[in-house]
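Next comes query11.pdb, a file with PDB, C-alpha atoms.
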ATOM      1  CA  ASP A   1     111.819 131.000-121.132
ATOM      2  CA  SER A   2     111.689 130.100-124.823
ATOM      3  CA  PRO A   3     109.169 129.885-127.672
ATOM      4  CA  PRO A   4     107.949 126.419-128.755
ATOM      5  CA  SER A   5     110.154 126.489-131.852
ATOM      6  CA  ASP A   6     113.298 126.437-129.680
ATOM      7  CA  PHE A   7     112.568 122.966-128.272
ATOM      8  CA  ASN A   8     113.260 119.534-129.728
ATOM      9  CA  PHE A   9     110.685 117.445-127.894
ATOM     10  CA  ASP A  10     111.779 114.249-129.658
ATOM     11  CA  THR A  11     114.996 114.280-127.607
ATOM     12  CA  MET A  12     113.469 115.377-124.303
ATOM     13  CA  LEU A  13     113.638 112.930-121.390
ATOM     14  CA  PRO A  14     110.742 112.198-119.013
ATOM     15  CA  GLY A  15     110.790 114.460-115.989
ATOM     16  CA  ARG A  16     112.612 117.371-117.613
ATOM     17  CA  VAL A  17     111.391 120.780-116.481
ATOM     18  CA  PHE A  18     111.311 123.612-119.004
ATOM     19  CA  THR A  19     109.694 127.021-119.462
ATOM     20  CA  MET A  20     107.826 127.612-122.720
ATOM     21  CA  ALA A  21     105.986 130.797-123.654
ATOM     22  CA  GLY A  22     105.803 131.984-120.076
ATOM     23  CA  GLU A  23     104.638 128.709-118.501
ATOM     24  CA  GLU A  24     106.723 126.167-116.591
ATOM     25  CA  TYR A  25     106.128 122.540-117.598
ATOM     26  CA  GLN A  26     107.330 119.042-116.834
ATOM     27  CA  TYR A  27     107.812 116.674-119.757
ATOM     28  CA  LEU A  28     105.940 113.407-119.219
ATOM     29  CA  GLU A  29     106.091 111.131-122.239
ATOM     30  CA  ASP A  30     106.805 110.663-125.936
ATOM     31  CA  MET A  31     103.488 109.225-127.134
ATOM     32  CA  GLY A  32     104.710 108.446-130.650
ATOM     33  CA  ASN A  33     103.764 109.991-134.008
ATOM     34  CA  GLY A  34     105.261 113.288-132.900
ATOM     35  CA  ASN A  35     102.929 113.649-129.916
ATOM     36  CA  HIS A  36     104.237 114.563-126.466
ATOM     37  CA  MET A  37     102.450 114.789-123.111
ATOM     38  CA  ILE A  38     103.477 117.648-120.836
ATOM     39  CA  ILE A  39     102.050 118.994-117.574
ATOM     40  CA  ARG A  40     102.133 122.287-115.716
ATOM     41  CA  HIS A  41     105.020 121.954-113.288
ATOM     42  CA  GLU A  42     103.153 123.441-110.341
ATOM     43  CA  ALA A  43      99.534 122.864-109.384
ATOM     44  CA  ILE A  44      97.180 125.837-109.616
ATOM     45  CA  ARG A  45      96.710 126.472-105.935
ATOM     46  CA  ASN A  46      93.454 127.323-104.206
ATOM     47  CA  THR A  47      91.433 125.358-106.758
ATOM     48  CA  SER A  48      89.319 122.268-106.101
ATOM     49  CA  PHE A  49      88.131 119.161-107.921
ATOM     50  CA  ASN A  50      84.618 120.605-108.111
ATOM     51  CA  VAL A  51      85.804 123.469-110.326
ATOM     52  CA  GLN A  52      88.430 121.448-112.186
ATOM     53  CA  PRO A  53      86.778 121.652-115.658
ATOM     54  CA  GLN A  54      86.518 125.439-115.460
ATOM     55  CA  VAL A  55      90.065 125.818-114.139
ATOM     56  CA  LEU A  56      91.395 123.680-116.998
ATOM     57  CA  SER A  57      89.396 125.649-119.570
ATOM     58  CA  ASN A  58      90.556 128.999-118.177
ATOM     59  CA  TRP A  59      94.200 127.919-118.103
ATOM     60  CA  PHE A  60      94.036 126.641-121.687
ATOM     61  CA  SER A  61      92.393 129.824-122.971
ATOM     62  CA  GLU A  62      95.222 131.898-121.470
ATOM     63  CA  LEU A  63      98.023 129.975-123.205
ATOM     64  CA  GLU A  64      99.829 131.791-125.980
ATOM     65  CA  ALA A  65      98.389 131.142-129.445
ATOM     66  CA  GLU A  66     101.542 129.369-130.613
ATOM     67  CA  VAL A  67     101.182 126.818-127.822
ATOM     68  CA  GLN A  68      97.425 126.388-128.316
ATOM     69  CA  ALA A  69      98.044 125.640-131.996
ATOM     70  CA  MET A  70     100.185 122.610-131.038
ATOM     71  CA  VAL A  71      97.670 121.065-128.645
ATOM     72  CA  GLN A  72      96.194 117.796-129.877
ATOM     73  CA  PRO A  73      92.572 116.636-129.456
ATOM     74  CA  VAL A  74      91.673 114.253-126.661
ATOM     75  CA  SER A  75      88.391 112.749-125.478
ATOM     76  CA  ILE A  76      87.729 112.822-121.747
ATOM     77  CA  PRO A  77      84.785 110.673-120.563
ATOM     78  CA  ALA A  78      81.706 112.687-119.642
ATOM     79  CA  VAL A  79      81.454 110.424-116.607
ATOM     80  CA  VAL A  80      84.976 109.529-115.533
ATOM     81  CA  PRO A  81      85.171 106.001-114.075
ATOM     82  CA  GLY A  82      86.129 105.942-110.409
ATOM     83  CA  ILE A  83      87.095 103.485-107.738
ATOM     84  CA  SER A  84      86.832 103.713-103.977
ATOM     85  CA  ASP A  85      89.967 104.152-101.909
ATOM     86  CA  ALA A  86      88.658 101.363 -99.701
ATOM     87  CA  ILE A  87      88.848  98.702-102.425
ATOM     88  CA  ALA A  88      92.046  99.880-104.152
ATOM     89  CA  PRO A  89      94.487  98.100-101.762
ATOM     90  CA  PRO A  90      96.787  96.271-101.464
ATOM     91  CA  TRP A  91      99.650  98.526-102.568
ATOM     92  CA  SER A  92     102.990  97.664-104.152
ATOM     93  CA  GLY A  93     106.416  99.290-104.367
ATOM     94  CA  GLU A  94     108.707 100.890-101.849
ATOM     95  CA  GLY A  95     107.009 103.192 -99.375
ATOM     96  CA  ASP A  96     103.304 103.695 -98.844
ATOM     97  CA  ARG A  97     100.647 103.897-101.555
ATOM     98  CA  TRP A  98     102.951 103.765-104.546
ATOM     99  CA  LEU A  99     100.925 101.631-107.015
ATOM    100  CA  PRO A 100      97.926  99.312-106.679
ATOM    101  CA  ALA A 101      99.381  95.815-106.316
ATOM    102  CA  GLU A 102      96.421  94.244-108.118
ATOM    103  CA  TRP A 103      96.139  96.804-110.933
ATOM    104  CA  GLU A 104      95.235  94.099-113.475
ATOM    105  CA  ALA A 105      92.315  92.821-111.375
ATOM    106  CA  THR A 106      88.804  93.145-112.777
ATOM    107  CA  ARG A 107      87.776  95.715-110.155
ATOM    108  CA  PHE A 108      90.157  98.160-111.867
ATOM    109  CA  ASP A 109      88.928  97.467-115.420
ATOM    110  CA  ALA A 110      87.054 100.737-115.916
ATOM    111  CA  VAL A 111      89.625 103.051-114.331
ATOM    112  CA  ARG A 112      92.510 101.203-115.986
ATOM    113  CA  ALA A 113      90.961 101.863-119.413
ATOM    114  CA  ASP A 114      90.836 105.621-118.786
ATOM    115  CA  ARG A 115      94.226 106.468-120.280
ATOM    116  CA  THR A 116      94.557 109.808-122.062
ATOM    117  CA  THR A 117      95.515 109.519-125.733
ATOM    118  CA  VAL A 118      95.193 111.600-128.876
ATOM    119  CA  ASN A 119      91.735 111.175-130.401
ATOM    120  CA  SER A 120      91.000 112.886-133.717
ATOM    121  CA  SER A 121      87.298 113.046-132.855
ATOM    122  CA  GLY A 122      88.045 114.805-129.571
ATOM    123  CA  THR A 123      88.817 118.416-128.690
ATOM    124  CA  PRO A 124      92.155 120.201-128.257
ATOM    125  CA  GLN A 125      92.085 120.915-124.539
ATOM    126  CA  ALA A 126      93.848 120.780-121.197
ATOM    127  CA  PHE A 127      92.991 117.840-118.945
ATOM    128  CA  ALA A 128      93.730 116.407-115.522
ATOM    129  CA  LEU A 129      95.618 113.124-115.504
ATOM    130  CA  SER A 130      93.621 110.035-114.604
ATOM    131  CA  LEU A 131      94.613 107.425-112.044
ATOM    132  CA  ALA A 132      95.550 105.193-114.989
ATOM    133  CA  ASP A 133      97.817 107.902-116.414
ATOM    134  CA  VAL A 134      99.665 108.317-113.123
ATOM    135  CA  VAL A 135     100.068 104.553-112.658
ATOM    136  CA  HIS A 136     101.473 104.308-116.194
ATOM    137  CA  LEU A 137     103.892 107.209-115.668
ATOM    138  CA  SER A 138     105.118 105.996-112.262
ATOM    139  CA  SER A 139     108.089 103.871-113.264
ATOM    140  CA  GLU A 140     111.852 103.820-112.961
ATOM    141  CA  THR A 141     112.270 105.301-116.453
ATOM    142  CA  GLY A 142     109.194 107.539-116.364
ATOM    143  CA  PRO A 143     108.714 111.079-115.060
ATOM    144  CA  PHE A 144     107.560 109.774-111.666
ATOM    145  CA  PRO A 145     110.284 107.301-110.560
ATOM    146  CA  ASN A 146     109.630 107.813-106.846
ATOM    147  CA  HIS A 147     107.206 109.415-104.417
ATOM    148  CA  ALA A 148     108.974 112.777-104.240
ATOM    149  CA  ARG A 149     109.030 113.228-108.023
ATOM    150  CA  ARG A 150     105.251 112.778-108.197
ATOM    151  CA  VAL A 151     104.718 115.902-106.116
ATOM    152  CA  ALA A 152     104.158 119.046-108.189
ATOM    153  CA  ALA A 153     106.597 121.939-108.044
ATOM    154  CA  ARG A 154     107.138 123.868-104.844
ATOM    155  CA  ARG A 155     105.600 121.105-102.773
ATOM    156  CA  SER A 156     102.101 121.288-104.203
ATOM    157  CA  TRP A 157      99.563 118.446-104.108
ATOM    158  CA  TRP A 158      97.339 117.882-107.143
ATOM    159  CA  CYS A 159      94.047 116.165-107.854
ATOM    160  CA  LEU A 160      93.427 113.672-110.634
ATOM    161  CA  ARG A 161      90.214 113.377-112.629
ATOM    162  CA  THR A 162      89.394 109.973-111.098
ATOM    163  CA  SER A 163      86.843 110.004-108.315
ATOM    164  CA  ALA A 164      87.117 107.839-105.209
ATOM    165  CA  ALA A 165      83.464 107.487-104.142
ATOM    166  CA  SER A 166      81.114 110.254-103.071
ATOM    167  CA  ASP A 167      82.825 113.510-102.041
ATOM    168  CA  PHE A 168      86.311 112.091-102.602
ATOM    169  CA  VAL A 169      88.828 112.210-105.426
ATOM    170  CA  TRP A 170      92.195 110.634-106.090
ATOM    171  CA  HIS A 171      95.127 112.973-105.655
ATOM    172  CA  VAL A 172      98.905 113.008-105.339
ATOM    173  CA  SER A 173      99.491 114.121-101.797
ATOM    174  CA  TRP A 174     102.114 116.163-100.014
ATOM    175  CA  ASP A 175     102.835 117.032 -96.357
ATOM    176  CA  ARG A 176     103.310 113.804 -94.360
ATOM    177  CA  TYR A 177     101.994 111.705 -97.292
ATOM    178  CA  VAL A 178     104.604 112.800 -99.849
ATOM    179  CA  GLY A 179     103.742 111.540-103.343
ATOM    180  CA  GLN A 180     101.207 108.993-102.166
ATOM    181  CA  LEU A 181      98.118 108.148-104.223
ATOM    182  CA  ARG A 182      95.224 108.861-101.904
ATOM    183  CA  GLY A 183      91.501 108.786-102.541
ATOM    184  CA  THR A 184      90.557 110.760 -99.480
ATOM    185  CA  LEU A 185      90.487 114.392-100.556
ATOM    186  CA  VAL A 186      87.088 116.035-100.154
ATOM    187  CA  GLU A 187      85.919 117.329-103.545
ATOM    188  CA  THR A 188      85.279 120.850-102.317
ATOM    189  CA  ILE A 189      88.622 121.394-100.566
ATOM    190  CA  SER A 190      90.580 124.424-101.754
ATOM    191  CA  ASN A 191      93.797 125.601-100.125
ATOM    192  CA  ASN A 192      97.130 127.235-100.797
ATOM    193  CA  TYR A 193      98.996 123.910-100.765
ATOM    194  CA  GLY A 194      97.806 122.623-104.141
ATOM    195  CA  GLY A 195      94.923 122.060-106.529
ATOM    196  CA  VAL A 196      94.377 121.417-110.236
ATOM    197  CA  ARG A 197      97.406 120.513-112.414
ATOM    198  CA  PRO A 198      96.669 120.899-116.158
ATOM    199  CA  ALA A 199      98.244 118.614-118.766
ATOM    200  CA  ILE A 200      98.229 118.808-122.573
ATOM    201  CA  ILE A 201      99.394 116.691-125.488
ATOM    202  CA  ILE A 202     101.311 118.692-128.062
ATOM    203  CA  HIS A 203     102.490 118.040-131.612
ATOM    204  CA  GLN A 204     105.291 120.345-132.716
TER
END

For this file, produce the structure as structure tokens.
Amino acid sequence: DSPPSDFNFDTMLPGRVFTMAGEEYQYLEDMGNGNHMIIRHEAIRNTSFNVQPQVLSNWFSELEAEVQAMVQPVSIPAVVPGISDAIAPPWSGEGDRWLPAEWEATRFDAVRADRTTVNSSGTPQAFALSLADVVHLSSETGPFPNHARRVAARRSWWCLRTSAASDFVWHVSWDRYVGQLRGTLVETISNNYGGVRPAIIIHQ
């Protein structure tokens, strides 16, 4: 467990797990210009999609001041674009439900555009990854090179911010659906197996 000043994020590789100021993170991506995306290594269990904004806000407010000071502003859509699980197929890659095979198709236009980036007109805050973020980060050289590595620490599932039609949300599953992208989780579900997984973009 080390303070932020002990890390050199410019040399960190995607997928590395580290503990900073009392919180365990996974490094996701060098976003350029000194910005780095990181995510809480384990989902906050017993939390649901319906309370996701409040959970993210509470988690951010409890970070140490030195970490908060590094967090960069982002803009999250007031109405996050969604896509139904029923029209997302077919799927590509090894195993089930790895990536949408027709990700560049027009039916994905809105959700594909919802990538999280630094936005100077936004707000420094924690956020849930979008479906587009997870698709982008799921690659051989990224932090999610296979199904198992997409699962949060200690076998926890986690919900994205992308909805999948009424009462459903996209999530990275566990149990018998290890690491699969599934749009079948009821919005109000809350259990000890997973929940909200906050991410932030930092600039050291």

* Asked: Using all atoms listed in the file, what residues lie at most 10 Å away from (97.3, 120.8, -105.1) (file coordinates), given as JSON, numbers by chain?
  -> {"A": [42, 43, 44, 45, 46, 47, 48, 49, 151, 152, 153, 155, 156, 157, 158, 159, 160, 171, 172, 173, 174, 189, 190, 191, 192, 193, 194, 195, 196, 197]}

What would the file look like if the residues just selected were written as an mmCIF file, in the coordinates of the input with C-alpha atoms?
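Generated file (selection16.cif):
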data_model
loop_
_atom_site.group_PDB
_atom_site.id
_atom_site.type_symbol
_atom_site.label_atom_id
_atom_site.label_comp_id
_atom_site.auth_asym_id
_atom_site.auth_seq_id
_atom_site.Cartn_x
_atom_site.Cartn_y
_atom_site.Cartn_z
ATOM 1 C CA GLU A 42 103.153 123.441 -110.341
ATOM 2 C CA ALA A 43 99.534 122.864 -109.384
ATOM 3 C CA ILE A 44 97.180 125.837 -109.616
ATOM 4 C CA ARG A 45 96.710 126.472 -105.935
ATOM 5 C CA ASN A 46 93.454 127.323 -104.206
ATOM 6 C CA THR A 47 91.433 125.358 -106.758
ATOM 7 C CA SER A 48 89.319 122.268 -106.101
ATOM 8 C CA PHE A 49 88.131 119.161 -107.921
ATOM 9 C CA VAL A 151 104.718 115.902 -106.116
ATOM 10 C CA ALA A 152 104.158 119.046 -108.189
ATOM 11 C CA ALA A 153 106.597 121.939 -108.044
ATOM 12 C CA ARG A 155 105.600 121.105 -102.773
ATOM 13 C CA SER A 156 102.101 121.288 -104.203
ATOM 14 C CA TRP A 157 99.563 118.446 -104.108
ATOM 15 C CA TRP A 158 97.339 117.882 -107.143
ATOM 16 C CA CYS A 159 94.047 116.165 -107.854
ATOM 17 C CA LEU A 160 93.427 113.672 -110.634
ATOM 18 C CA HIS A 171 95.127 112.973 -105.655
ATOM 19 C CA VAL A 172 98.905 113.008 -105.339
ATOM 20 C CA SER A 173 99.491 114.121 -101.797
ATOM 21 C CA TRP A 174 102.114 116.163 -100.014
ATOM 22 C CA ILE A 189 88.622 121.394 -100.566
ATOM 23 C CA SER A 190 90.580 124.424 -101.754
ATOM 24 C CA ASN A 191 93.797 125.601 -100.125
ATOM 25 C CA ASN A 192 97.130 127.235 -100.797
ATOM 26 C CA TYR A 193 98.996 123.910 -100.765
ATOM 27 C CA GLY A 194 97.806 122.623 -104.141
ATOM 28 C CA GLY A 195 94.923 122.060 -106.529
ATOM 29 C CA VAL A 196 94.377 121.417 -110.236
ATOM 30 C CA ARG A 197 97.406 120.513 -112.414
#

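The closest residue to Ala128 of chain A, picked from A:Ala110, A:Ile83, A:Val71, A:Ile76 and counting only C-alpha atoms, is A:Ile76.
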
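Going from atom CA of Ile202 of chain A to atom CA of His147 of chain A covers 26.1 Å.
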
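Straight-line separation from atom CA of Gly179 of chain A to atom CA of Leu131 of chain A: 13.3 Å.
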
* **Picked residues, the PyMOL selection byres ((chain A and resi 41) around 9), as a PyMOL selection string** => chain A and resi 17-18+23-27+38-40+42-43+152-154+197-198

* To do: Please write as a PyMOL selection string the list of polymer residues whose atoms come within 8 Å of (85.9, 107.4, -113.4), counting all atoms listed in the file and keeping to the coordinates of the file.
  => chain A and resi 77+79-83+110-111+114+161-163

Once you have the residues from the selection above, write them out as a tab-separated table (two decimals), keeping the file's coordinate frame, restricted to C-alpha atoms.
chain	number	residue	atom	x	y	z
A	77	PRO	CA	84.78	110.67	-120.56
A	79	VAL	CA	81.45	110.42	-116.61
A	80	VAL	CA	84.98	109.53	-115.53
A	81	PRO	CA	85.17	106.00	-114.08
A	82	GLY	CA	86.13	105.94	-110.41
A	83	ILE	CA	87.10	103.48	-107.74
A	110	ALA	CA	87.05	100.74	-115.92
A	111	VAL	CA	89.62	103.05	-114.33
A	114	ASP	CA	90.84	105.62	-118.79
A	161	ARG	CA	90.21	113.38	-112.63
A	162	THR	CA	89.39	109.97	-111.10
A	163	SER	CA	86.84	110.00	-108.32

* **All residues 12 Å or closer to Glu140 of chain A, all atoms listed in the file, same chain fewer than 4 positions away omitted, as a PyMOL selection string** => chain A and resi 14-15+93-94+135-136+144-147+149

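Here the question is which of A:Asp6, A:Ala132, A:Ala148, A:Asp167 gets nearest to Gly95 of chain A using only C-alpha atoms, and that residue is A:Ala148.
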
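The interatomic distance for the pair atom CA of Thr106 of chain A and atom CA of Leu129 of chain A works out to 21.3 Å.
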
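Checking A:Ala165, A:Met37, A:Ala105, A:Val178 one by one against Asp133 of chain A, counting all atoms listed in the file, you find the shortest gap at A:Met37.
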
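Neighbouring residues of Ala126 of chain A at 9 Å or closer, counting all atoms listed in the file and skipping chain neighbours under 6 positions away, are Leu56, Ser57, Trp59, Phe60, Val71, Val74, Pro198, Ala199, Ile200 and Ile201 of chain A.
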
* To do: Evaluate the PyMOL selection byres ((chain A and resi 120) around 12) and record the selected residues as a PyMOL selection string, following the chain and residue labels used in the document.
  => chain A and resi 71-75+117-119+121-124

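When only C-alpha atoms are used to measure the gap to Ser61 of chain A, the shortest distance among A:Trp98, A:Ala86, A:Gln125, A:Met31 belongs to A:Gln125.
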
Missing atoms in segment 89-123 of chain A should be modelled up to N, CA and C atoms and reported as a PDB file, in the coordinates of the input.
ATOM      1  N   PRO A  89      93.370  98.899-102.285  1.00  0.00           N
ATOM      2  CA  PRO A  89      94.487  98.100-101.762  1.00  0.00           C
ATOM      3  C   PRO A  89      94.405  96.645-102.222  1.00  0.00           C
ATOM      4  N   PRO A  90      95.510  95.892-102.077  1.00  0.00           N
ATOM      5  CA  PRO A  90      96.787  96.271-101.464  1.00  0.00           C
ATOM      6  C   PRO A  90      97.648  97.128-102.395  1.00  0.00           C
ATOM      7  N   TRP A  91      98.755  97.660-101.827  1.00  0.00           N
ATOM      8  CA  TRP A  91      99.650  98.526-102.568  1.00  0.00           C
ATOM      9  C   TRP A  91     100.997  97.854-102.768  1.00  0.00           C
ATOM     10  N   SER A  92     101.681  98.244-103.843  1.00  0.00           N
ATOM     11  CA  SER A  92     102.990  97.664-104.152  1.00  0.00           C
ATOM     12  C   SER A  92     104.038  98.763-104.220  1.00  0.00           C
ATOM     13  N   GLY A  93     105.308  98.354-104.249  1.00  0.00           N
ATOM     14  CA  GLY A  93     106.416  99.290-104.367  1.00  0.00           C
ATOM     15  C   GLY A  93     106.950  99.723-103.023  1.00  0.00           C
ATOM     16  N   GLU A  94     108.090 100.407-103.078  1.00  0.00           N
ATOM     17  CA  GLU A  94     108.707 100.890-101.849  1.00  0.00           C
ATOM     18  C   GLU A  94     107.913 102.065-101.292  1.00  0.00           C
ATOM     19  N   GLY A  95     107.770 102.122 -99.988  1.00  0.00           N
ATOM     20  CA  GLY A  95     107.009 103.192 -99.375  1.00  0.00           C
ATOM     21  C   GLY A  95     105.519 102.937 -99.460  1.00  0.00           C
ATOM     22  N   ASP A  96     104.754 103.854 -98.926  1.00  0.00           N
ATOM     23  CA  ASP A  96     103.304 103.695 -98.844  1.00  0.00           C
ATOM     24  C   ASP A  96     102.590 104.207-100.085  1.00  0.00           C
ATOM     25  N   ARG A  97     101.571 103.461-100.498  1.00  0.00           N
ATOM     26  CA  ARG A  97     100.647 103.897-101.555  1.00  0.00           C
ATOM     27  C   ARG A  97     101.370 104.349-102.822  1.00  0.00           C
ATOM     28  N   TRP A  98     102.234 103.457-103.314  1.00  0.00           N
ATOM     29  CA  TRP A  98     102.951 103.765-104.546  1.00  0.00           C
ATOM     30  C   TRP A  98     102.089 103.401-105.758  1.00  0.00           C
ATOM     31  N   LEU A  99     101.774 102.101-105.920  1.00  0.00           N
ATOM     32  CA  LEU A  99     100.925 101.631-107.015  1.00  0.00           C
ATOM     33  C   LEU A  99      99.996 100.538-106.503  1.00  0.00           C
ATOM     34  N   PRO A 100      98.798 100.435-107.067  1.00  0.00           N
ATOM     35  CA  PRO A 100      97.926  99.312-106.679  1.00  0.00           C
ATOM     36  C   PRO A 100      98.582  97.982-107.051  1.00  0.00           C
ATOM     37  N   ALA A 101      98.705  97.093-106.082  1.00  0.00           N
ATOM     38  CA  ALA A 101      99.381  95.815-106.316  1.00  0.00           C
ATOM     39  C   ALA A 101      98.586  94.908-107.244  1.00  0.00           C
ATOM     40  N   GLU A 102      97.275  95.105-107.286  1.00  0.00           N
ATOM     41  CA  GLU A 102      96.421  94.244-108.118  1.00  0.00           C
ATOM     42  C   GLU A 102      95.791  95.055-109.256  1.00  0.00           C
ATOM     43  N   TRP A 103      96.607  95.890-109.888  1.00  0.00           N
ATOM     44  CA  TRP A 103      96.139  96.804-110.933  1.00  0.00           C
ATOM     45  C   TRP A 103      95.459  96.080-112.082  1.00  0.00           C
ATOM     46  N   GLU A 104      95.835  94.847-112.364  1.00  0.00           N
ATOM     47  CA  GLU A 104      95.235  94.099-113.475  1.00  0.00           C
ATOM     48  C   GLU A 104      93.950  93.376-113.075  1.00  0.00           C
ATOM     49  N   ALA A 105      93.543  93.487-111.837  1.00  0.00           N
ATOM     50  CA  ALA A 105      92.315  92.821-111.375  1.00  0.00           C
ATOM     51  C   ALA A 105      91.078  93.458-112.004  1.00  0.00           C
ATOM     52  N   THR A 106      90.010  92.673-112.093  1.00  0.00           N
ATOM     53  CA  THR A 106      88.804  93.145-112.777  1.00  0.00           C
ATOM     54  C   THR A 106      88.185  94.370-112.109  1.00  0.00           C
ATOM     55  N   ARG A 107      88.385  94.551-110.815  1.00  0.00           N
ATOM     56  CA  ARG A 107      87.776  95.715-110.155  1.00  0.00           C
ATOM     57  C   ARG A 107      88.373  97.034-110.659  1.00  0.00           C
ATOM     58  N   PHE A 108      89.535  96.964-111.314  1.00  0.00           N
ATOM     59  CA  PHE A 108      90.157  98.160-111.867  1.00  0.00           C
ATOM     60  C   PHE A 108      89.884  98.334-113.365  1.00  0.00           C
ATOM     61  N   ASP A 109      89.093  97.449-113.961  1.00  0.00           N
ATOM     62  CA  ASP A 109      88.928  97.467-115.420  1.00  0.00           C
ATOM     63  C   ASP A 109      88.550  98.836-115.964  1.00  0.00           C
ATOM     64  N   ALA A 110      87.552  99.462-115.381  1.00  0.00           N
ATOM     65  CA  ALA A 110      87.054 100.737-115.916  1.00  0.00           C
ATOM     66  C   ALA A 110      88.079 101.856-115.743  1.00  0.00           C
ATOM     67  N   VAL A 111      88.655 101.970-114.551  1.00  0.00           N
ATOM     68  CA  VAL A 111      89.625 103.051-114.331  1.00  0.00           C
ATOM     69  C   VAL A 111      90.919 102.792-115.093  1.00  0.00           C
ATOM     70  N   ARG A 112      91.285 101.531-115.253  1.00  0.00           N
ATOM     71  CA  ARG A 112      92.510 101.203-115.986  1.00  0.00           C
ATOM     72  C   ARG A 112      92.393 101.587-117.459  1.00  0.00           C
ATOM     73  N   ALA A 113      91.184 101.530-117.997  1.00  0.00           N
ATOM     74  CA  ALA A 113      90.961 101.863-119.413  1.00  0.00           C
ATOM     75  C   ALA A 113      90.968 103.366-119.674  1.00  0.00           C
ATOM     76  N   ASP A 114      90.917 104.166-118.622  1.00  0.00           N
ATOM     77  CA  ASP A 114      90.836 105.621-118.786  1.00  0.00           C
ATOM     78  C   ASP A 114      92.228 106.234-118.901  1.00  0.00           C
ATOM     79  N   ARG A 115      92.930 105.884-119.972  1.00  0.00           N
ATOM     80  CA  ARG A 115      94.226 106.468-120.280  1.00  0.00           C
ATOM     81  C   ARG A 115      94.025 107.580-121.316  1.00  0.00           C
ATOM     82  N   THR A 116      94.706 108.677-121.147  1.00  0.00           N
ATOM     83  CA  THR A 116      94.557 109.808-122.062  1.00  0.00           C
ATOM     84  C   THR A 116      95.424 109.611-123.297  1.00  0.00           C
ATOM     85  N   THR A 117      94.808 109.654-124.467  1.00  0.00           N
ATOM     86  CA  THR A 117      95.515 109.519-125.733  1.00  0.00           C
ATOM     87  C   THR A 117      94.954 110.520-126.733  1.00  0.00           C
ATOM     88  N   VAL A 118      95.687 110.737-127.807  1.00  0.00           N
ATOM     89  CA  VAL A 118      95.193 111.600-128.876  1.00  0.00           C
ATOM     90  C   VAL A 118      94.003 110.920-129.544  1.00  0.00           C
ATOM     91  N   ASN A 119      92.950 111.686-129.762  1.00  0.00           N
ATOM     92  CA  ASN A 119      91.735 111.175-130.401  1.00  0.00           C
ATOM     93  C   ASN A 119      91.257 112.228-131.389  1.00  0.00           C
ATOM     94  N   SER A 120      91.329 111.905-132.677  1.00  0.00           N
ATOM     95  CA  SER A 120      91.000 112.886-133.717  1.00  0.00           C
ATOM     96  C   SER A 120      89.563 113.378-133.636  1.00  0.00           C
ATOM     97  N   SER A 121      88.690 112.621-132.998  1.00  0.00           N
ATOM     98  CA  SER A 121      87.298 113.046-132.855  1.00  0.00           C
ATOM     99  C   SER A 121      87.072 113.846-131.572  1.00  0.00           C
ATOM    100  N   GLY A 122      88.148 114.061-130.818  1.00  0.00           N
ATOM    101  CA  GLY A 122      88.045 114.805-129.571  1.00  0.00           C
ATOM    102  C   GLY A 122      88.247 116.299-129.772  1.00  0.00           C
ATOM    103  N   THR A 123      88.662 116.966-128.699  1.00  0.00           N
ATOM    104  CA  THR A 123      88.817 118.416-128.690  1.00  0.00           C
ATOM    105  C   THR A 123      90.198 118.789-128.163  1.00  0.00           C
TER     106      THR A 123
END
